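Each remark here refers to the structure printed beneath this line.
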Amino acid sequence: MSIRVKALPAALGATVEGLDANRLDENTVAELREAFWAHKVLFFPGIHLSDEQHVALGSIFGDLSAVSNDDTDHRRHETVDDEGKILVLDSSDQHSRANFWHTDVTFARNPPLGSLLSMKVSPPSGGDTMWANTQAAYEGLSSPIKATVENLTACHGRAGLTDFTDHPVVTIHPDTGKRVLFVNRGWTSRLNGLSNLESSHLLKLLCDHMEQPEYTVRWRWSTGDAALWDNRCTMHYALNDYGNDHRRIHRVTIYAPPK
């Protein structure tokens, strides 16, 4: 089987056509991994993944969990499978509407490498998702700001919802070797070693910079679409502009296998 990967005219993202989710042979897996590293977000229009196919496709990239694979997450989550790997995000639960820029589960001690989302019910209008390229955002910083943040760490987590974990502000992607900004508005609480004033202003500067439209791609969902993204070099934002219309998602979170 040969898949067709077409880059989108944006800062990141590509569509994948011709994938048979029941036939994930060695060559197809290699092509998918190369496209994943190159484009950071892969969209599969109209693929209509079953739960079994969803797990199989996600598993070629790593180990799966509904959200976190440690004890750092104290929230309750709905899953649909017996093994608890597939998370349900339904618009009937207002807490599932993630209309803020974030990177998934950065409060974990070892954050996930990616996620695979399957759109089960898309609203008739609205409900798009945007992704931002945090590698390009790092590269777009001025040299003085790069020097300022290079050796800083940040605390990730929210009181009452998760534990708190520190990670470097600038990380190196393990597969591409590229430097990436690893902070986000959703989960990063503060920059360590700075005063509260310094931390809040510098963190805001970084988030404002990363969220510029020039670093983003926007996907208009149709029921049956799927998206796979690299959590190590992207952020995303789910637009909450569809009122009371129904939107339902299944998602697996992908972790690197233990070394």
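In the structure tokens, chains take letters A, B, ... by order of appearance, with residues numbered from 1 within each chain and ligands from 1 in the order shown.
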Could you make a table, as JSON lines, of the residues of segment 23-135 of chain A that have an atom within 8 Å of an atom of segment 240-257 of chain A, each with its nearest atom pair and distance in Å to one decimal, counting only C-alpha atoms, in chain and number order?
```
{"residue": "A:His54", "atom": "CA", "partner": "A:Val252", "partner_atom": "CA", "distance": 7.9}
{"residue": "A:Val55", "atom": "CA", "partner": "A:Val252", "partner_atom": "CA", "distance": 7.4}
{"residue": "A:Gly58", "atom": "CA", "partner": "A:Ile254", "partner_atom": "CA", "distance": 6.8}
{"residue": "A:Ser59", "atom": "CA", "partner": "A:Ile254", "partner_atom": "CA", "distance": 7.6}
{"residue": "A:Phe61", "atom": "CA", "partner": "A:Ile254", "partner_atom": "CA", "distance": 7.0}
{"residue": "A:Gly62", "atom": "CA", "partner": "A:Ala256", "partner_atom": "CA", "distance": 5.1}
{"residue": "A:Asp63", "atom": "CA", "partner": "A:Tyr255", "partner_atom": "CA", "distance": 5.0}
{"residue": "A:Leu64", "atom": "CA", "partner": "A:Ile254", "partner_atom": "CA", "distance": 4.8}
{"residue": "A:Ser65", "atom": "CA", "partner": "A:Thr253", "partner_atom": "CA", "distance": 5.2}
{"residue": "A:Ala66", "atom": "CA", "partner": "A:Val252", "partner_atom": "CA", "distance": 5.3}
{"residue": "A:Val67", "atom": "CA", "partner": "A:Thr253", "partner_atom": "CA", "distance": 5.6}
{"residue": "A:Ser68", "atom": "CA", "partner": "A:Thr253", "partner_atom": "CA", "distance": 7.5}
{"residue": "A:Asn69", "atom": "CA", "partner": "A:Tyr255", "partner_atom": "CA", "distance": 7.9}
{"residue": "A:Lys85", "atom": "CA", "partner": "A:Val252", "partner_atom": "CA", "distance": 6.0}
{"residue": "A:Ile86", "atom": "CA", "partner": "A:Val252", "partner_atom": "CA", "distance": 5.0}
{"residue": "A:Leu87", "atom": "CA", "partner": "A:Arg251", "partner_atom": "CA", "distance": 5.1}
{"residue": "A:Val88", "atom": "CA", "partner": "A:His250", "partner_atom": "CA", "distance": 4.9}
{"residue": "A:Leu89", "atom": "CA", "partner": "A:Ile249", "partner_atom": "CA", "distance": 5.0}
{"residue": "A:Asp90", "atom": "CA", "partner": "A:Arg248", "partner_atom": "CA", "distance": 4.4}
{"residue": "A:Ser91", "atom": "CA", "partner": "A:Arg247", "partner_atom": "CA", "distance": 5.2}
{"residue": "A:Ser92", "atom": "CA", "partner": "A:His246", "partner_atom": "CA", "distance": 7.3}
{"residue": "A:Arg97", "atom": "CA", "partner": "A:Asn240", "partner_atom": "CA", "distance": 6.6}
{"residue": "A:Ala98", "atom": "CA", "partner": "A:Asn240", "partner_atom": "CA", "distance": 7.8}
{"residue": "A:Asn99", "atom": "CA", "partner": "A:Asn240", "partner_atom": "CA", "distance": 5.8}
{"residue": "A:Pro111", "atom": "CA", "partner": "A:Tyr255", "partner_atom": "CA", "distance": 7.3}
{"residue": "A:Pro112", "atom": "CA", "partner": "A:Tyr255", "partner_atom": "CA", "distance": 4.5}
{"residue": "A:Leu113", "atom": "CA", "partner": "A:Tyr255", "partner_atom": "CA", "distance": 5.3}
{"residue": "A:Gly114", "atom": "CA", "partner": "A:Ile254", "partner_atom": "CA", "distance": 5.0}
{"residue": "A:Ser115", "atom": "CA", "partner": "A:Thr253", "partner_atom": "CA", "distance": 4.5}
{"residue": "A:Leu116", "atom": "CA", "partner": "A:Val252", "partner_atom": "CA", "distance": 5.4}
{"residue": "A:Leu117", "atom": "CA", "partner": "A:Arg251", "partner_atom": "CA", "distance": 4.3}
{"residue": "A:Ser118", "atom": "CA", "partner": "A:His250", "partner_atom": "CA", "distance": 5.2}
{"residue": "A:Met119", "atom": "CA", "partner": "A:Ile249", "partner_atom": "CA", "distance": 4.8}
{"residue": "A:Lys120", "atom": "CA", "partner": "A:Ile249", "partner_atom": "CA", "distance": 5.4}
{"residue": "A:Val121", "atom": "CA", "partner": "A:Arg248", "partner_atom": "CA", "distance": 4.9}
{"residue": "A:Ser122", "atom": "CA", "partner": "A:Arg247", "partner_atom": "CA", "distance": 4.9}
{"residue": "A:Pro123", "atom": "CA", "partner": "A:Arg247", "partner_atom": "CA", "distance": 5.5}
{"residue": "A:Pro124", "atom": "CA", "partner": "A:Asp245", "partner_atom": "CA", "distance": 7.6}
{"residue": "A:Ser125", "atom": "CA", "partner": "A:Tyr242", "partner_atom": "CA", "distance": 6.4}
{"residue": "A:Gly126", "atom": "CA", "partner": "A:Tyr242", "partner_atom": "CA", "distance": 5.0}
{"residue": "A:Gly127", "atom": "CA", "partner": "A:Tyr242", "partner_atom": "CA", "distance": 5.8}
```
Could you list, as a list of chain:residue names, every residue within 9 Å of Leu8 of chain A, counting only C-alpha atoms and ignoring same-chain residues fewer than 5 positions away?
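Counting only the stated atoms, we get A:Gly13, A:Ala14, A:Thr15, A:His39, A:Val217.
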Write down as a PyMOL selection string the residues belonging to segment 16-133 of chain A that are assigned strand (DSSP E or B) by DSSP computed on the backbone.
chain A and resi 16-17+41-44+63-65+73+79+87-90+102+114-121+129-133
For the selection just defined, write its residues with C-alpha atoms to a file, as a tab-separated table (two decimals), in the first residue's frame.
```tsv
chain	number	residue	atom	x	y	z
A	16	VAL	CA	-2.89	11.63	4.25
A	17	GLU	CA	-4.95	9.80	1.61
A	41	VAL	CA	0.10	17.19	12.31
A	42	LEU	CA	-1.37	14.61	9.93
A	43	PHE	CA	-5.03	14.78	8.86
A	44	PHE	CA	-6.91	11.73	7.58
A	63	ASP	CA	2.04	3.09	24.13
A	64	LEU	CA	-1.53	4.33	24.56
A	65	SER	CA	-3.47	5.83	27.44
A	73	ASP	CA	-3.73	13.67	36.69
A	79	THR	CA	-13.46	6.13	28.22
A	87	LEU	CA	-10.90	9.07	25.85
A	88	VAL	CA	-14.34	10.53	25.09
A	89	LEU	CA	-14.68	14.30	24.67
A	90	ASP	CA	-18.35	15.21	24.29
A	102	HIS	CA	-2.40	24.11	25.24
A	114	GLY	CA	1.42	12.64	20.53
A	115	SER	CA	-2.32	12.10	20.24
A	116	LEU	CA	-4.65	10.56	17.66
A	117	LEU	CA	-8.15	12.03	17.48
A	118	SER	CA	-11.16	10.54	15.68
A	119	MET	CA	-14.12	12.87	15.03
A	120	LYS	CA	-17.28	10.87	15.68
A	121	VAL	CA	-19.81	13.73	15.45
A	129	THR	CA	-9.24	22.99	15.73
A	130	MET	CA	-6.04	25.00	15.33
A	131	TRP	CA	-2.47	23.80	15.86
A	132	ALA	CA	0.67	25.89	16.33
A	133	ASN	CA	4.22	24.96	15.34
```
Based on the backbone DSSP call, show me all residues of segment 29-191 of chain A assigned alpha helix (DSSP H), as a PyMOL selection string.
chain A and resi 29-39+51-59+134-139+143-149
Keeping C-alpha atoms for every residue in the selection just given, could you write it to a file as an mmCIF file, in the first residue's frame?
```cif
data_model
loop_
_atom_site.group_PDB
_atom_site.id
_atom_site.type_symbol
_atom_site.label_atom_id
_atom_site.label_comp_id
_atom_site.auth_asym_id
_atom_site.auth_seq_id
_atom_site.Cartn_x
_atom_site.Cartn_y
_atom_site.Cartn_z
ATOM 1 C CA VAL A 29 4.340 2.586 9.020
ATOM 2 C CA ALA A 30 7.712 3.971 7.897
ATOM 3 C CA GLU A 31 5.996 6.480 5.579
ATOM 4 C CA LEU A 32 3.635 7.595 8.335
ATOM 5 C CA ARG A 33 6.474 8.120 10.797
ATOM 6 C CA GLU A 34 8.460 10.201 8.302
ATOM 7 C CA ALA A 35 5.395 12.316 7.514
ATOM 8 C CA PHE A 36 4.641 12.711 11.235
ATOM 9 C CA TRP A 37 8.109 14.087 11.970
ATOM 10 C CA ALA A 38 8.121 16.318 8.897
ATOM 11 C CA HIS A 39 4.644 17.852 9.173
ATOM 12 C CA ASP A 51 -12.170 1.873 17.945
ATOM 13 C CA GLU A 52 -10.025 -1.148 17.054
ATOM 14 C CA GLN A 53 -8.443 0.671 14.107
ATOM 15 C CA HIS A 54 -7.953 3.748 16.276
ATOM 16 C CA VAL A 55 -5.947 1.756 18.818
ATOM 17 C CA ALA A 56 -3.984 -0.083 16.120
ATOM 18 C CA LEU A 57 -3.002 3.129 14.297
ATOM 19 C CA GLY A 58 -2.028 4.933 17.489
ATOM 20 C CA SER A 59 -0.020 1.951 18.716
ATOM 21 C CA THR A 134 6.356 25.524 18.433
ATOM 22 C CA GLN A 135 9.581 24.643 16.601
ATOM 23 C CA ALA A 136 8.975 27.489 14.135
ATOM 24 C CA ALA A 137 7.987 29.732 17.034
ATOM 25 C CA TYR A 138 11.327 29.072 18.742
ATOM 26 C CA GLU A 139 13.179 29.787 15.511
ATOM 27 C CA SER A 143 18.607 36.052 19.699
ATOM 28 C CA PRO A 144 18.417 37.904 23.065
ATOM 29 C CA ILE A 145 15.145 36.170 23.999
ATOM 30 C CA LYS A 146 16.533 32.791 22.921
ATOM 31 C CA ALA A 147 19.510 33.377 25.202
ATOM 32 C CA THR A 148 17.208 34.388 28.056
ATOM 33 C CA VAL A 149 15.025 31.270 27.944
#
```
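Between atom CA of Ser96 of chain A and atom CA of Phe182 of chain A the separation is 22.8 Å.
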Rank A:Gly224, A:Pro174, A:Arg185, A:Gln212 by their smallest atom-to-atom distance to Ser50 of chain A, using only C-alpha atoms, and report the top residue only.
A:Gly224
Nearest to Leu194 of chain A: which of A:Ala108, A:Ile47, A:Leu24, A:Ala154 is it, counting only C-alpha atoms?
A:Ala154
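Note that atom CA of Pro213 of chain A and atom CA of Thr171 of chain A are 22.3 Å apart.
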